[in-house]
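Raw structure-v4.pdb, PDB, C-alpha atoms, pLDDT in the B column:
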```pdb
ATOM      1  CA  MET L   1      16.156 -11.265   0.757  1.00 65.00           C
ATOM      2  CA  PRO L   2      15.706 -13.302   3.978  1.00 65.00           C
ATOM      3  CA  THR L   3      15.552 -17.020   3.212  1.00 68.00           C
ATOM      4  CA  ASN L   4      13.063 -17.623   6.017  1.00 85.00           C
ATOM      5  CA  VAL L   5      10.202 -16.298   3.872  1.00 92.00           C
ATOM      6  CA  PHE L   6      10.632 -19.123   1.342  1.00 95.00           C
ATOM      7  CA  PRO L   7       9.031 -22.233   2.875  1.00 94.00           C
ATOM      8  CA  ALA L   8      10.484 -25.587   1.849  1.00 94.00           C
ATOM      9  CA  SER L   9       7.065 -27.151   1.306  1.00 96.00           C
ATOM     10  CA  PRO L  10       3.604 -26.009   0.118  1.00 97.00           C
ATOM     11  CA  LYS L  11       0.979 -24.290   2.257  1.00 97.00           C
ATOM     12  CA  GLY L  12       3.607 -22.360   4.175  1.00 97.00           C
ATOM     13  CA  HIS L  13       1.065 -19.734   5.195  1.00 97.00           C
ATOM     14  CA  ARG L  14      -0.425 -22.219   7.619  1.00 96.00           C
ATOM     15  CA  ASP L  15       2.431 -20.974   9.806  1.00 95.00           C
ATOM     16  CA  PRO L  16       1.385 -17.434  10.782  1.00 94.00           C
ATOM     17  CA  ARG L  17       4.997 -16.552  11.561  1.00 95.00           C
ATOM     18  CA  ILE L  18       5.839 -16.754   7.854  1.00 96.00           C
ATOM     19  CA  VAL L  19       3.019 -14.366   6.984  1.00 96.00           C
ATOM     20  CA  VAL L  20       4.213 -11.943   9.672  1.00 96.00           C
ATOM     21  CA  ARG L  21       7.771 -12.059   8.276  1.00 96.00           C
ATOM     22  CA  LYS L  22       6.464 -11.309   4.803  1.00 97.00           C
ATOM     23  CA  MET L  23       4.280  -8.429   5.951  1.00 97.00           C
ATOM     24  CA  ALA L  24       7.370  -6.863   7.523  1.00 97.00           C
ATOM     25  CA  LEU L  25       8.949  -6.792   4.049  1.00 97.00           C
ATOM     26  CA  LEU L  26       6.141  -5.060   2.162  1.00 98.00           C
ATOM     27  CA  ASN L  27       8.068  -1.779   2.139  1.00 97.00           C
ATOM     28  CA  ALA L  28      11.468  -3.319   1.443  1.00 96.00           C
ATOM     29  CA  PRO L  29      13.218  -1.828  -1.619  1.00 96.00           C
ATOM     30  CA  HIS L  30      12.190  -4.668  -3.957  1.00 97.00           C
ATOM     31  CA  MET L  31       8.570  -4.442  -2.782  1.00 98.00           C
ATOM     32  CA  LYS L  32       7.567  -0.876  -1.923  1.00 98.00           C
ATOM     33  CA  PRO L  33       6.568   0.246  -5.451  1.00 98.00           C
ATOM     34  CA  LEU L  34       4.476  -2.905  -5.885  1.00 98.00           C
ATOM     35  CA  THR L  35       2.805  -2.563  -2.491  1.00 98.00           C
ATOM     36  CA  GLU L  36       1.879   1.032  -3.312  1.00 98.00           C
ATOM     37  CA  PHE L  37       0.626  -0.068  -6.744  1.00 98.00           C
ATOM     38  CA  ALA L  38      -1.670  -2.755  -5.296  1.00 98.00           C
ATOM     39  CA  LYS L  39      -3.051  -0.313  -2.731  1.00 98.00           C
ATOM     40  CA  LYS L  40      -3.697   2.208  -5.496  1.00 98.00           C
ATOM     41  CA  ILE L  41      -5.709  -0.360  -7.447  1.00 98.00           C
ATOM     42  CA  ALA L  42      -7.733  -1.186  -4.333  1.00 98.00           C
ATOM     43  CA  GLU L  43      -8.520   2.485  -3.782  1.00 98.00           C
ATOM     44  CA  GLU L  44      -9.449   3.163  -7.403  1.00 97.00           C
ATOM     45  CA  ARG L  45     -11.582   0.037  -7.759  1.00 96.00           C
ATOM     46  CA  LYS L  46     -13.017   0.156  -4.217  1.00 96.00           C
ATOM     47  CA  ALA L  47     -12.246  -3.547  -4.080  1.00 95.00           C
ATOM     48  CA  GLU L  48     -10.191  -6.136  -2.219  1.00 96.00           C
ATOM     49  CA  VAL L  49      -6.756  -6.406  -3.843  1.00 98.00           C
ATOM     50  CA  PRO L  50      -4.320  -8.870  -2.253  1.00 97.00           C
ATOM     51  CA  LEU L  51      -0.734  -7.648  -2.149  1.00 98.00           C
ATOM     52  CA  PHE L  52       2.311  -8.904  -4.016  1.00 98.00           C
ATOM     53  CA  ASP L  53       4.309 -11.595  -2.213  1.00 98.00           C
ATOM     54  CA  PRO L  54       7.659 -10.388  -0.799  1.00 97.00           C
ATOM     55  CA  ALA L  55       8.974 -13.952  -1.285  1.00 97.00           C
ATOM     56  CA  SER L  56       9.660 -13.130  -4.917  1.00 97.00           C
ATOM     57  CA  GLY L  57      11.815 -11.063  -7.204  1.00 97.00           C
ATOM     58  CA  GLY L  58       9.549  -8.106  -6.555  1.00 98.00           C
ATOM     59  CA  ILE L  59      10.275  -5.113  -8.751  1.00 98.00           C
ATOM     60  CA  ASN L  60      13.397  -6.907 -10.024  1.00 98.00           C
ATOM     61  CA  ALA L  61      11.532 -10.004 -11.226  1.00 98.00           C
ATOM     62  CA  LYS L  62      12.622 -11.584 -14.484  1.00 98.00           C
ATOM     63  CA  VAL L  63       9.566 -13.829 -14.880  1.00 98.00           C
ATOM     64  CA  LEU L  64       5.929 -12.820 -14.386  1.00 98.00           C
ATOM     65  CA  LEU L  65       3.520 -15.635 -13.552  1.00 98.00           C
ATOM     66  CA  LEU L  66       0.161 -14.315 -14.725  1.00 98.00           C
ATOM     67  CA  LEU L  67      -2.965 -15.992 -13.409  1.00 97.00           C
ATOM     68  CA  GLU L  68      -6.679 -15.216 -13.529  1.00 95.00           C
ATOM     69  CA  SER L  69      -7.947 -13.539 -10.355  1.00 96.00           C
ATOM     70  CA  PRO L  70      -7.314 -13.830  -6.597  1.00 95.00           C
ATOM     71  CA  GLY L  71      -8.621 -16.866  -4.726  1.00 92.00           C
ATOM     72  CA  PRO L  72     -10.211 -16.784  -1.265  1.00 92.00           C
ATOM     73  CA  LYS L  73      -6.985 -17.829   0.472  1.00 93.00           C
ATOM     74  CA  SER L  74      -5.225 -14.709  -0.838  1.00 95.00           C
ATOM     75  CA  VAL L  75      -7.772 -12.309   0.651  1.00 92.00           C
ATOM     76  CA  ALA L  76      -7.064 -10.654   3.996  1.00 89.00           C
ATOM     77  CA  GLY L  77      -9.333 -12.013   6.705  1.00 83.00           C
ATOM     78  CA  SER L  78     -10.014 -15.386   5.101  1.00 85.00           C
ATOM     79  CA  GLY L  79      -6.424 -15.845   3.946  1.00 93.00           C
ATOM     80  CA  SER L  80      -2.953 -14.330   3.880  1.00 96.00           C
ATOM     81  CA  GLY L  81      -3.650 -11.065   2.058  1.00 97.00           C
ATOM     82  CA  LEU L  82      -0.941 -12.007  -0.461  1.00 98.00           C
ATOM     83  CA  ILE L  83      -0.843 -13.442  -3.979  1.00 98.00           C
ATOM     84  CA  SER L  84       1.423 -16.329  -3.098  1.00 98.00           C
ATOM     85  CA  LEU L  85       2.446 -19.878  -3.876  1.00 97.00           C
ATOM     86  CA  ASP L  86       2.484 -20.389  -0.107  1.00 98.00           C
ATOM     87  CA  ASN L  87      -1.264 -19.899   0.303  1.00 97.00           C
ATOM     88  CA  ASP L  88      -3.334 -22.689   1.806  1.00 96.00           C
ATOM     89  CA  ASP L  89      -5.100 -23.872  -1.351  1.00 96.00           C
ATOM     90  CA  GLN L  90      -4.529 -26.491  -4.012  1.00 96.00           C
ATOM     91  CA  THR L  91      -3.887 -23.981  -6.815  1.00 96.00           C
ATOM     92  CA  ALA L  92      -0.921 -22.631  -4.847  1.00 97.00           C
ATOM     93  CA  VAL L  93       0.232 -26.180  -4.066  1.00 97.00           C
ATOM     94  CA  ASN L  94       0.214 -27.078  -7.759  1.00 98.00           C
ATOM     95  CA  GLY L  95       2.119 -23.929  -8.695  1.00 98.00           C
ATOM     96  CA  PHE L  96       4.667 -24.452  -5.915  1.00 98.00           C
ATOM     97  CA  THR L  97       5.220 -28.096  -6.866  1.00 98.00           C
ATOM     98  CA  ALA L  98       5.409 -27.521 -10.617  1.00 98.00           C
ATOM     99  CA  MET L  99       7.914 -24.679 -10.232  1.00 98.00           C
ATOM    100  CA  ALA L 100      10.109 -26.824  -7.999  1.00 97.00           C
ATOM    101  CA  GLU L 101       9.928 -29.686 -10.500  1.00 98.00           C
ATOM    102  CA  ALA L 102      10.878 -27.337 -13.328  1.00 98.00           C
ATOM    103  CA  GLY L 103      13.766 -25.737 -11.455  1.00 97.00           C
ATOM    104  CA  LEU L 104      12.323 -22.214 -11.710  1.00 98.00           C
ATOM    105  CA  SER L 105      13.450 -20.154  -8.720  1.00 97.00           C
ATOM    106  CA  ARG L 106      10.835 -18.123  -6.916  1.00 96.00           C
ATOM    107  CA  GLN L 107      13.460 -15.471  -6.227  1.00 96.00           C
ATOM    108  CA  VAL L 108      13.347 -14.347  -9.880  1.00 97.00           C
ATOM    109  CA  CYS L 109       9.556 -14.579 -10.296  1.00 98.00           C
ATOM    110  CA  LEU L 110       6.518 -12.487  -9.454  1.00 98.00           C
ATOM    111  CA  ASN L 111       2.983 -13.863  -9.121  1.00 98.00           C
ATOM    112  CA  TRP L 112       0.065 -11.704 -10.165  1.00 98.00           C
ATOM    113  CA  ASN L 113      -3.431 -11.897 -11.644  1.00 97.00           C
ATOM    114  CA  VAL L 114      -4.712 -10.336 -14.847  1.00 97.00           C
ATOM    115  CA  VAL L 115      -7.699  -9.154 -12.744  1.00 97.00           C
ATOM    116  CA  PRO L 116      -6.034  -8.165  -9.454  1.00 97.00           C
ATOM    117  CA  TRP L 117      -9.177  -7.601  -7.379  1.00 97.00           C
ATOM    118  CA  TYR L 118     -11.189 -10.344  -5.697  1.00 96.00           C
ATOM    119  CA  LEU L 119     -14.219 -11.437  -7.723  1.00 94.00           C
ATOM    120  CA  SER L 120     -15.977 -13.383  -4.957  1.00 85.00           C
ATOM    121  CA  GLY L 121     -15.946 -16.762  -6.630  1.00 74.00           C
ATOM    122  CA  HIS L 122     -16.782 -16.039 -10.265  1.00 81.00           C
ATOM    123  CA  ALA L 123     -14.519 -16.109 -13.279  1.00 86.00           C
ATOM    124  CA  PRO L 124     -13.483 -12.802 -14.869  1.00 93.00           C
ATOM    125  CA  THR L 125     -16.071 -11.415 -17.278  1.00 93.00           C
ATOM    126  CA  PRO L 126     -15.102  -9.559 -20.469  1.00 92.00           C
ATOM    127  CA  ALA L 127     -15.887  -6.318 -18.605  1.00 94.00           C
ATOM    128  CA  ASP L 128     -13.583  -7.343 -15.728  1.00 95.00           C
ATOM    129  CA  LEU L 129     -10.766  -8.049 -18.166  1.00 95.00           C
ATOM    130  CA  ARG L 130     -11.200  -4.747 -20.008  1.00 95.00           C
ATOM    131  CA  ALA L 131     -11.173  -2.825 -16.728  1.00 96.00           C
ATOM    132  CA  ALA L 132      -8.034  -4.648 -15.571  1.00 97.00           C
ATOM    133  CA  ILE L 133      -5.870  -4.239 -18.674  1.00 96.00           C
ATOM    134  CA  PRO L 134      -4.583  -0.712 -17.894  1.00 97.00           C
ATOM    135  CA  TYR L 135      -3.250  -2.023 -14.578  1.00 97.00           C
ATOM    136  CA  LEU L 136      -1.466  -4.921 -16.282  1.00 97.00           C
ATOM    137  CA  VAL L 137       0.115  -2.512 -18.748  1.00 96.00           C
ATOM    138  CA  GLU L 138       1.216  -0.281 -15.857  1.00 97.00           C
ATOM    139  CA  LEU L 139       2.732  -3.244 -14.036  1.00 97.00           C
ATOM    140  CA  LEU L 140       4.674  -4.360 -17.105  1.00 96.00           C
ATOM    141  CA  ARG L 141       6.172  -0.883 -17.374  1.00 95.00           C
ATOM    142  CA  MET L 142       7.299  -1.092 -13.752  1.00 97.00           C
ATOM    143  CA  LEU L 143       9.121  -4.417 -14.161  1.00 97.00           C
ATOM    144  CA  LYS L 144      12.287  -3.186 -15.862  1.00 96.00           C
ATOM    145  CA  SER L 145      14.145  -6.518 -15.555  1.00 97.00           C
ATOM    146  CA  LEU L 146      11.303  -8.653 -16.912  1.00 97.00           C
ATOM    147  CA  LYS L 147      12.273 -11.128 -19.630  1.00 97.00           C
ATOM    148  CA  ALA L 148       9.470 -13.709 -19.702  1.00 97.00           C
ATOM    149  CA  VAL L 149       5.806 -14.192 -18.897  1.00 97.00           C
ATOM    150  CA  VAL L 150       4.091 -17.483 -18.091  1.00 98.00           C
ATOM    151  CA  VAL L 151       0.416 -17.069 -18.964  1.00 97.00           C
ATOM    152  CA  LEU L 152      -1.654 -19.515 -16.922  1.00 98.00           C
ATOM    153  CA  GLY L 153      -5.113 -20.327 -18.233  1.00 96.00           C
ATOM    154  CA  THR L 154      -7.588 -18.889 -20.725  1.00 94.00           C
ATOM    155  CA  PRO L 155      -8.689 -15.683 -18.914  1.00 94.00           C
ATOM    156  CA  ALA L 156      -5.039 -14.749 -18.318  1.00 95.00           C
ATOM    157  CA  GLY L 157      -4.374 -15.437 -21.992  1.00 95.00           C
ATOM    158  CA  THR L 158      -7.269 -13.216 -23.033  1.00 94.00           C
ATOM    159  CA  GLY L 159      -6.024 -10.453 -20.756  1.00 93.00           C
ATOM    160  CA  TRP L 160      -2.499 -10.794 -22.074  1.00 94.00           C
ATOM    161  CA  ASN L 161      -3.760 -10.512 -25.661  1.00 93.00           C
ATOM    162  CA  LEU L 162      -5.790  -7.417 -24.768  1.00 91.00           C
ATOM    163  CA  SER L 163      -2.727  -5.812 -23.174  1.00 89.00           C
ATOM    164  CA  GLY L 164      -1.152  -5.359 -26.590  1.00 71.00           C
ATOM    165  CA  LYS L 165       1.730  -7.794 -26.098  1.00 72.00           C
ATOM    166  CA  GLY L 166       4.292  -5.419 -27.589  1.00 73.00           C
ATOM    167  CA  TYR L 167       6.870  -5.782 -24.861  1.00 83.00           C
ATOM    168  CA  GLY L 168       9.638  -7.888 -26.415  1.00 90.00           C
ATOM    169  CA  LEU L 169       9.108 -10.597 -23.798  1.00 95.00           C
ATOM    170  CA  LYS L 170       9.213 -14.357 -24.186  1.00 96.00           C
ATOM    171  CA  VAL L 171       5.740 -15.739 -23.507  1.00 96.00           C
ATOM    172  CA  PHE L 172       4.915 -19.280 -22.450  1.00 97.00           C
ATOM    173  CA  ASN L 173       1.339 -20.526 -22.198  1.00 97.00           C
ATOM    174  CA  ALA L 174       0.222 -23.211 -19.769  1.00 97.00           C
ATOM    175  CA  PRO L 175      -2.936 -24.535 -18.120  1.00 97.00           C
ATOM    176  CA  HIS L 176      -4.137 -22.781 -14.994  1.00 97.00           C
ATOM    177  CA  PRO L 177      -2.744 -24.643 -11.948  1.00 97.00           C
ATOM    178  CA  SER L 178      -6.134 -24.976 -10.244  1.00 96.00           C
ATOM    179  CA  PRO L 179      -7.230 -28.562  -9.548  1.00 95.00           C
ATOM    180  CA  GLN L 180     -10.335 -27.971 -11.689  1.00 93.00           C
ATOM    181  CA  SER L 181      -8.035 -27.310 -14.631  1.00 95.00           C
ATOM    182  CA  ILE L 182      -5.220 -29.787 -13.999  1.00 96.00           C
ATOM    183  CA  ASN L 183      -7.399 -32.716 -12.970  1.00 92.00           C
ATOM    184  CA  ARG L 184      -9.449 -32.590 -16.167  1.00 91.00           C
ATOM    185  CA  ASP L 185      -6.508 -34.246 -17.923  1.00 95.00           C
ATOM    186  CA  ARG L 186      -3.610 -34.472 -15.507  1.00 95.00           C
ATOM    187  CA  ALA L 187      -1.556 -36.730 -17.775  1.00 96.00           C
ATOM    188  CA  THR L 188      -1.454 -33.945 -20.374  1.00 97.00           C
ATOM    189  CA  ARG L 189      -1.880 -30.743 -18.378  1.00 97.00           C
ATOM    190  CA  TRP L 190       0.643 -31.313 -15.600  1.00 98.00           C
ATOM    191  CA  PRO L 191       3.571 -31.834 -18.029  1.00 98.00           C
ATOM    192  CA  GLN L 192       2.444 -28.722 -19.931  1.00 98.00           C
ATOM    193  CA  LEU L 193       2.515 -26.673 -16.723  1.00 98.00           C
ATOM    194  CA  VAL L 194       5.958 -27.936 -15.702  1.00 98.00           C
ATOM    195  CA  GLU L 195       7.341 -27.431 -19.204  1.00 98.00           C
ATOM    196  CA  ALA L 196       6.189 -23.803 -19.342  1.00 98.00           C
ATOM    197  CA  PHE L 197       8.026 -23.119 -16.078  1.00 98.00           C
ATOM    198  CA  ARG L 198      11.070 -24.998 -17.366  1.00 98.00           C
ATOM    199  CA  GLN L 199      11.111 -22.909 -20.551  1.00 98.00           C
ATOM    200  CA  ALA L 200      10.841 -19.702 -18.520  1.00 98.00           C
ATOM    201  CA  ALA L 201      13.807 -20.800 -16.414  1.00 98.00           C
ATOM    202  CA  ALA L 202      15.824 -21.476 -19.567  1.00 98.00           C
ATOM    203  CA  ALA L 203      14.818 -18.097 -21.026  1.00 97.00           C
ATOM    204  CA  ILE L 204      16.486 -16.209 -18.192  1.00 96.00           C
ATOM    205  CA  ALA L 205      19.495 -18.484 -17.731  1.00 92.00           C
TER     206      ALA L 205
END
```

As a first step, turn the structure in this file into structure tokens.
Amino acid sequence: MPTNVFPASPKGHRDPRIVVRKMALLNAPHMKPLTEFAKKIAEERKAEVPLFDPASGGINAKVLLLLESPGPKSVAGSGSGLISLDNDDQTAVNGFTAMAEAGLSRQVCLNWNVVPWYLSGHAPTPADLRAAIPYLVELLRMLKSLKAVVVLGTPAGTGWNLSGKGYGLKVFNAPHPSPQSINRDRATRWPQLVEAFRQAAAAIA
């Protein structure tokens, strides 16, 4: 994996060269099955589905970071087209910073959303979650090296529970890293977020 796709600081996608480097890796061995999977979802749902970030463990990931649904900065056109901690938004900044603080390497992780298609600014509904669960189950079957899941926020938790959970994985729950979530009680929620990442790192050590 080229190291030049892992920015040293948040909001790395402000540099278009980093996005270009990542796009060139979408069909690399660790990424091709996931790229094809995301494109399949987009075709079946007739919806915008941002792609998996090549700056990750890809198909070999040991930790899945499961969020809610794609934000505007992950959508092609208005953003990078990738589900990434390098996106130009505060949710990505919080995730990037908390992972670094916890010592959880991005090279063993994979970011994804329980609802993988863009919802145009609204939270997932129960119908959205039900429609998305088969895709989450399919993804979990693809990730043969997966050992742990960090479930970030209530909708992701609901989706995880609906998925059946029978995968023999270690699961760590944490607040969603969005500023709306963290800033409600930063003194409590930020340590919870960092600790969940720290526990995931320990689970794969």

- Task: Would you mind listing what lies within 12 Å of Glu138 (chain L) as a list in words, with all atoms listed in the file counted and same-chain residues fewer than 3 positions away left out?
- Result: Pro33, Leu34, Phe37, Ala38, Lys40, Ile41, Val114, Ala132, Ile133, Pro134, Tyr135, Arg141, Met142, Leu143, Lys144, Ser163 and Tyr167 of chain L

Atoms kept (C-alpha atoms) for selection, written as a CSV table (one decimal), keeping the file's coordinate frame:
```
chain,number,residue,atom,x,y,z
L,33,PRO,CA,6.6,0.2,-5.5
L,34,LEU,CA,4.5,-2.9,-5.9
L,37,PHE,CA,0.6,-0.1,-6.7
L,38,ALA,CA,-1.7,-2.8,-5.3
L,40,LYS,CA,-3.7,2.2,-5.5
L,41,ILE,CA,-5.7,-0.4,-7.4
L,114,VAL,CA,-4.7,-10.3,-14.8
L,132,ALA,CA,-8.0,-4.6,-15.6
L,133,ILE,CA,-5.9,-4.2,-18.7
L,134,PRO,CA,-4.6,-0.7,-17.9
L,135,TYR,CA,-3.2,-2.0,-14.6
L,141,ARG,CA,6.2,-0.9,-17.4
L,142,MET,CA,7.3,-1.1,-13.8
L,143,LEU,CA,9.1,-4.4,-14.2
L,144,LYS,CA,12.3,-3.2,-15.9
L,163,SER,CA,-2.7,-5.8,-23.2
L,167,TYR,CA,6.9,-5.8,-24.9
```

Taking the file as shown, what set of residues would the PyMOL selection byres ((chain L and resi 52-67) around 8) give back, as a PDB file with C-alpha atoms, in the coordinates of the input?
```pdb
ATOM      1  CA  MET L   1      16.156 -11.265   0.757  1.00 65.00           C
ATOM      2  CA  VAL L   5      10.202 -16.298   3.872  1.00 92.00           C
ATOM      3  CA  PHE L   6      10.632 -19.123   1.342  1.00 95.00           C
ATOM      4  CA  LYS L  22       6.464 -11.309   4.803  1.00 97.00           C
ATOM      5  CA  MET L  23       4.280  -8.429   5.951  1.00 97.00           C
ATOM      6  CA  LEU L  25       8.949  -6.792   4.049  1.00 97.00           C
ATOM      7  CA  LEU L  26       6.141  -5.060   2.162  1.00 98.00           C
ATOM      8  CA  HIS L  30      12.190  -4.668  -3.957  1.00 97.00           C
ATOM      9  CA  MET L  31       8.570  -4.442  -2.782  1.00 98.00           C
ATOM     10  CA  PRO L  33       6.568   0.246  -5.451  1.00 98.00           C
ATOM     11  CA  LEU L  34       4.476  -2.905  -5.885  1.00 98.00           C
ATOM     12  CA  THR L  35       2.805  -2.563  -2.491  1.00 98.00           C
ATOM     13  CA  ALA L  38      -1.670  -2.755  -5.296  1.00 98.00           C
ATOM     14  CA  PRO L  50      -4.320  -8.870  -2.253  1.00 97.00           C
ATOM     15  CA  LEU L  51      -0.734  -7.648  -2.149  1.00 98.00           C
ATOM     16  CA  GLU L  68      -6.679 -15.216 -13.529  1.00 95.00           C
ATOM     17  CA  SER L  69      -7.947 -13.539 -10.355  1.00 96.00           C
ATOM     18  CA  LEU L  82      -0.941 -12.007  -0.461  1.00 98.00           C
ATOM     19  CA  ILE L  83      -0.843 -13.442  -3.979  1.00 98.00           C
ATOM     20  CA  SER L  84       1.423 -16.329  -3.098  1.00 98.00           C
ATOM     21  CA  ARG L 106      10.835 -18.123  -6.916  1.00 96.00           C
ATOM     22  CA  GLN L 107      13.460 -15.471  -6.227  1.00 96.00           C
ATOM     23  CA  VAL L 108      13.347 -14.347  -9.880  1.00 97.00           C
ATOM     24  CA  CYS L 109       9.556 -14.579 -10.296  1.00 98.00           C
ATOM     25  CA  LEU L 110       6.518 -12.487  -9.454  1.00 98.00           C
ATOM     26  CA  ASN L 111       2.983 -13.863  -9.121  1.00 98.00           C
ATOM     27  CA  TRP L 112       0.065 -11.704 -10.165  1.00 98.00           C
ATOM     28  CA  ASN L 113      -3.431 -11.897 -11.644  1.00 97.00           C
ATOM     29  CA  VAL L 114      -4.712 -10.336 -14.847  1.00 97.00           C
ATOM     30  CA  MET L 142       7.299  -1.092 -13.752  1.00 97.00           C
ATOM     31  CA  LEU L 143       9.121  -4.417 -14.161  1.00 97.00           C
ATOM     32  CA  LYS L 144      12.287  -3.186 -15.862  1.00 96.00           C
ATOM     33  CA  SER L 145      14.145  -6.518 -15.555  1.00 97.00           C
ATOM     34  CA  LEU L 146      11.303  -8.653 -16.912  1.00 97.00           C
ATOM     35  CA  LYS L 147      12.273 -11.128 -19.630  1.00 97.00           C
ATOM     36  CA  ALA L 148       9.470 -13.709 -19.702  1.00 97.00           C
ATOM     37  CA  VAL L 149       5.806 -14.192 -18.897  1.00 97.00           C
ATOM     38  CA  VAL L 150       4.091 -17.483 -18.091  1.00 98.00           C
ATOM     39  CA  VAL L 151       0.416 -17.069 -18.964  1.00 97.00           C
ATOM     40  CA  LEU L 152      -1.654 -19.515 -16.922  1.00 98.00           C
ATOM     41  CA  GLY L 153      -5.113 -20.327 -18.233  1.00 96.00           C
ATOM     42  CA  PRO L 155      -8.689 -15.683 -18.914  1.00 94.00           C
ATOM     43  CA  ALA L 156      -5.039 -14.749 -18.318  1.00 95.00           C
ATOM     44  CA  HIS L 176      -4.137 -22.781 -14.994  1.00 97.00           C
ATOM     45  CA  ALA L 200      10.841 -19.702 -18.520  1.00 98.00           C
ATOM     46  CA  ILE L 204      16.486 -16.209 -18.192  1.00 96.00           C
TER      47      ILE L 204
END
```

- Item | Residues in the PyMOL selection byres ((chain L and resi 94-97) around 8), expressed as a list in words |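 Output of the PyMOL selection byres ((chain L and resi 94-97) around 8): Pro10, Leu85, Asp86, Gln90, Thr91, Ala92, Val93, Ala98, Met99, Ala100, Glu101, Pro177, Ser178 and Pro179 of chain L.
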
- Task: With the file shown as input, list the residues that the PyMOL selection byres ((chain L and resi 125) around 12) selects, as a VMD selection string.
- Result: chain L and resid 68 to 69 114 to 115 119 121 to 124 126 to 132 154 to 156 158 to 159

- Note on the structure: CA of Ala196 (chain L) to CA of Trp160 (chain L) measures 15.9 Å

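Taking CA of Pro191 (chain L) and CA of Leu104 (chain L) as endpoints, the distance between them is 14.5 Å.
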
- Item | Distance of CA of Val49 (chain L) from CA of Gln192 (chain L), expressed in Å to one decimal place |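 Going from CA of Gln192 (chain L) over to CA of Val49 (chain L) covers 29.0 Å.
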
Contacts of Arg198 (chain L) at 7 Å (only C-alpha atoms; same-chain gap of 4+ positions) as a JSON list (two decimals) with C-alpha atoms, keeping the file's coordinate frame:
```
[["chain", "number", "residue", "atom", "x", "y", "z"],
["L", 102, "ALA", "CA", 10.88, -27.34, -13.33],
["L", 103, "GLY", "CA", 13.77, -25.74, -11.46],
["L", 104, "LEU", "CA", 12.32, -22.21, -11.71],
["L", 194, "VAL", "CA", 5.96, -27.94, -15.70],
["L", 202, "ALA", "CA", 15.82, -21.48, -19.57]]
```

- Message: Restricting the calculation to only C-alpha atoms: of L:Asn161, L:Ser105, L:Ser80, L:Thr188, which residue gets closest to Ala174 (chain L)?
- Response: L:Thr188

- Counting all atoms listed in the file, the option among L:Asp185, L:Pro16, L:Phe172, L:Glu48 closest to Pro72 (chain L):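 Counting all atoms listed in the file, the residue closest to Pro72 (chain L) is L:Glu48.
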
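The smallest atom-to-atom distance between Lys165 (chain L) and any of L:Arg184, L:Arg189, L:Val137, L:Ala205, using all atoms listed in the file, is found for L:Val137.
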